[in-house]
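Chemist: My structure is below; once you've seen it, I'll send some questions.
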Amino acid sequence: MNEQKITELWTPLHWLTVLAEQGSYTAAAARLGVSKAAMSQRVADLERTAGVTLVLRTTRSVRLTEAGQRLVDDTRGSFEQIAHSFAEVRDLVGVPRGLLRVTAPVAFARQQLVPRLAEFLRHFPDVRLELDLSDRISSLATEGFDLAIRHTAAAPDTHVAWTLCATRSVLVASPDYLLARGTPMRPQDLGGHSCLHYPRTQGAPAWTFEPMRVNASAKAAQRVTVPVSGALAANNSEALREAALSHLGIALLPDFSAQAALQSGQLVQVLAHWKPVGAFAEQLYAIRPYSAHVPRAVTALVAYLREALAGGFRVGIEAG
């Protein structure tokens with residue numbers, strides 16, 4: 001086949017891959033910004049050139065024949081690479097732009113990330129964000145995420161990571177609960193309270209503390225672990241916070257979940273001179289898959305979050 005004929009095939013081949021992706025002529029035409037008639041004509045022209053049926057049409061949908069699917073499988077990667085390469089070239093100059101897919105933990109995203117995104121998007125109007133709120137650990141490369149926010153003890157060695165800020169765990173309760181049940185003065189007093197906890201193992205739940213106002217070598221020696229039980233256990237810090245706000249008990253939360261309620265006085269800190277250990281991670285990271293080229297939008301969002309979160313979430317929390 002001569003070069004001119006190959007050049008003429010580029011557009012209908014691309015349209016065929018979009019048709020396979022969208023599953024209907026109407027949806028594919030809308031995606032490409034062309035008429036349904038034009039879409040149908042280009043595919044028909046491609047079938048005449050190939051001398052074989054590529055698409056089986058029904059009244060409700062379309063599906064590819066074996067020949068059509070083979071063409072799509074063989075050419076889709078080339079079109080994706082062209083789009084990716086062109087996006088990288090455009091990104092070499094000008095302002096950050098394009099779609100940025102970000103995954104983040106549910107509680108952190110709802111309470112701290114989403115409220116900060118409006119300012120970022122106003123500052124970078126050519127950037128579009130697609131935010132996935134999930135507590136599961138996603139494979140960034142496999143699922144196509146550009147960036148992940150992770151609340152974890154350590155960033156994976158296989159990815160590029162930036163530290164956003166330090167975090168800590170904090171024990172909280174409502175003033176009404178403490179008025180009714182009393183205020184614990186030491187970790188061992190928690191045995192007489194309803195403790196709202198995050199279930200982590202099948203064993204009996206327990207919280208571990210170390211004193212804040214001793215030197216590092218003495219902290220481990222004075223560490224205390226106490227069994228806890230309560231009216232509610234939940235694998236989401238927002239749920240535990242809401243239960244504490246409803247006066248159900250004492251909750252152990254990450255500081256980013258507790259911050260607003262502590263500032264408003266709806267919750268108060270309990271055992272401020274004791275540091276909870278091992279409950280939640282102590283760092284927030286922004287993580288991306290390794291690649292030679294980093295889109296400007298990724299760099300811009302990371303820089304913005306590092307500045308916005310630099311102070312952490314300790315306003316309203318006693319230092320101990």
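Chain lettering (A, B, ...) mirrors the order of the structure tokens, residue numbering begins at 1 for each chain separately, and ligand numbering begins at 1 in order of display.
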For segment 121-195 of chain A versus segment 99-107 of chain A, which residues have an atom no more than 7 Å away, and what is each residue's nearest atom pair and distance in Å rounded to one decimal, using only C-alpha atoms, chain-then-number order, as CSV?
Modeler:
```
residue,atom,partner,partner_atom,distance
A:Val127,CA,A:Leu99,CA,6.1
A:Arg128,CA,A:Leu99,CA,4.7
A:Leu129,CA,A:Leu100,CA,4.9
A:Glu130,CA,A:Arg101,CA,4.7
A:Leu131,CA,A:Val102,CA,5.0
A:Asp132,CA,A:Thr103,CA,4.5
A:Leu133,CA,A:Val106,CA,4.9
A:Ser134,CA,A:Pro105,CA,5.1
A:Asp135,CA,A:Pro105,CA,4.7
A:Phe145,CA,A:Arg101,CA,5.0
A:Asp146,CA,A:Arg101,CA,5.3
A:Leu147,CA,A:Val102,CA,4.9
A:Ala148,CA,A:Thr103,CA,4.8
A:Ile149,CA,A:Ala104,CA,4.8
A:Arg150,CA,A:Ala104,CA,6.5
```
Chemist: I need the residues from that last selection saved to file as a tab-separated table (two decimals), in the first residue's frame (with C-alpha atoms), if you can.
Modeler:
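File written: again.tsv
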```tsv
chain	number	residue	atom	x	y	z
A	127	VAL	CA	-6.49	22.31	34.44
A	128	ARG	CA	-9.35	19.84	34.93
A	129	LEU	CA	-9.36	17.57	37.98
A	130	GLU	CA	-10.90	14.12	38.21
A	131	LEU	CA	-10.92	13.14	41.88
A	132	ASP	CA	-11.28	9.53	43.05
A	133	LEU	CA	-12.22	9.27	46.74
A	134	SER	CA	-11.20	5.85	47.98
A	135	ASP	CA	-9.49	4.32	51.01
A	145	PHE	CA	-3.92	8.09	38.10
A	146	ASP	CA	-1.47	10.96	37.76
A	147	LEU	CA	-1.18	11.58	41.49
A	148	ALA	CA	-2.20	9.97	44.78
A	149	ILE	CA	-2.52	11.49	48.22
A	150	ARG	CA	-1.51	8.89	50.77
```
Chemist: Taking the backbone alone, and naming residues the way the document does, which bits of segment 136-287 of chain A are helix (DSSP H, G or I) by DSSP, as a PyMOL selection string?
Modeler: chain A and resi 140-143+175-181+187-192+216-221+237-245+255-264
Chemist: Ranking A:Gln112, A:Thr225, A:Ser237, A:Gln266 by minimum distance to Val170 of chain A and counting only C-alpha atoms, which one comes first?
Modeler: A:Ser237
Chemist: Pick from A:Asp126, A:Gln41, A:Phe313, A:Leu113: nearest to Gln259 of chain A, with only C-alpha atoms counted?
Modeler: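 Using only C-alpha atoms, Gln259 of chain A sits closest to A:Phe313.
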Chemist: Residues of segment 253-301 of chain A that have any atom at most 12 Å from an atom of segment 188-193 of chain A: could you tabulate them with the shortest-distance atom pair and the distance in Å to one decimal, using only C-alpha atoms, ordered by chain and increasing number, as a tab-separated table?
Modeler:
```
residue	atom	partner	partner_atom	distance
A:Val270	CA	A:Leu190	CA	10.3
A:Leu271	CA	A:Leu190	CA	9.9
A:Trp274	CA	A:Gln188	CA	11.5
```
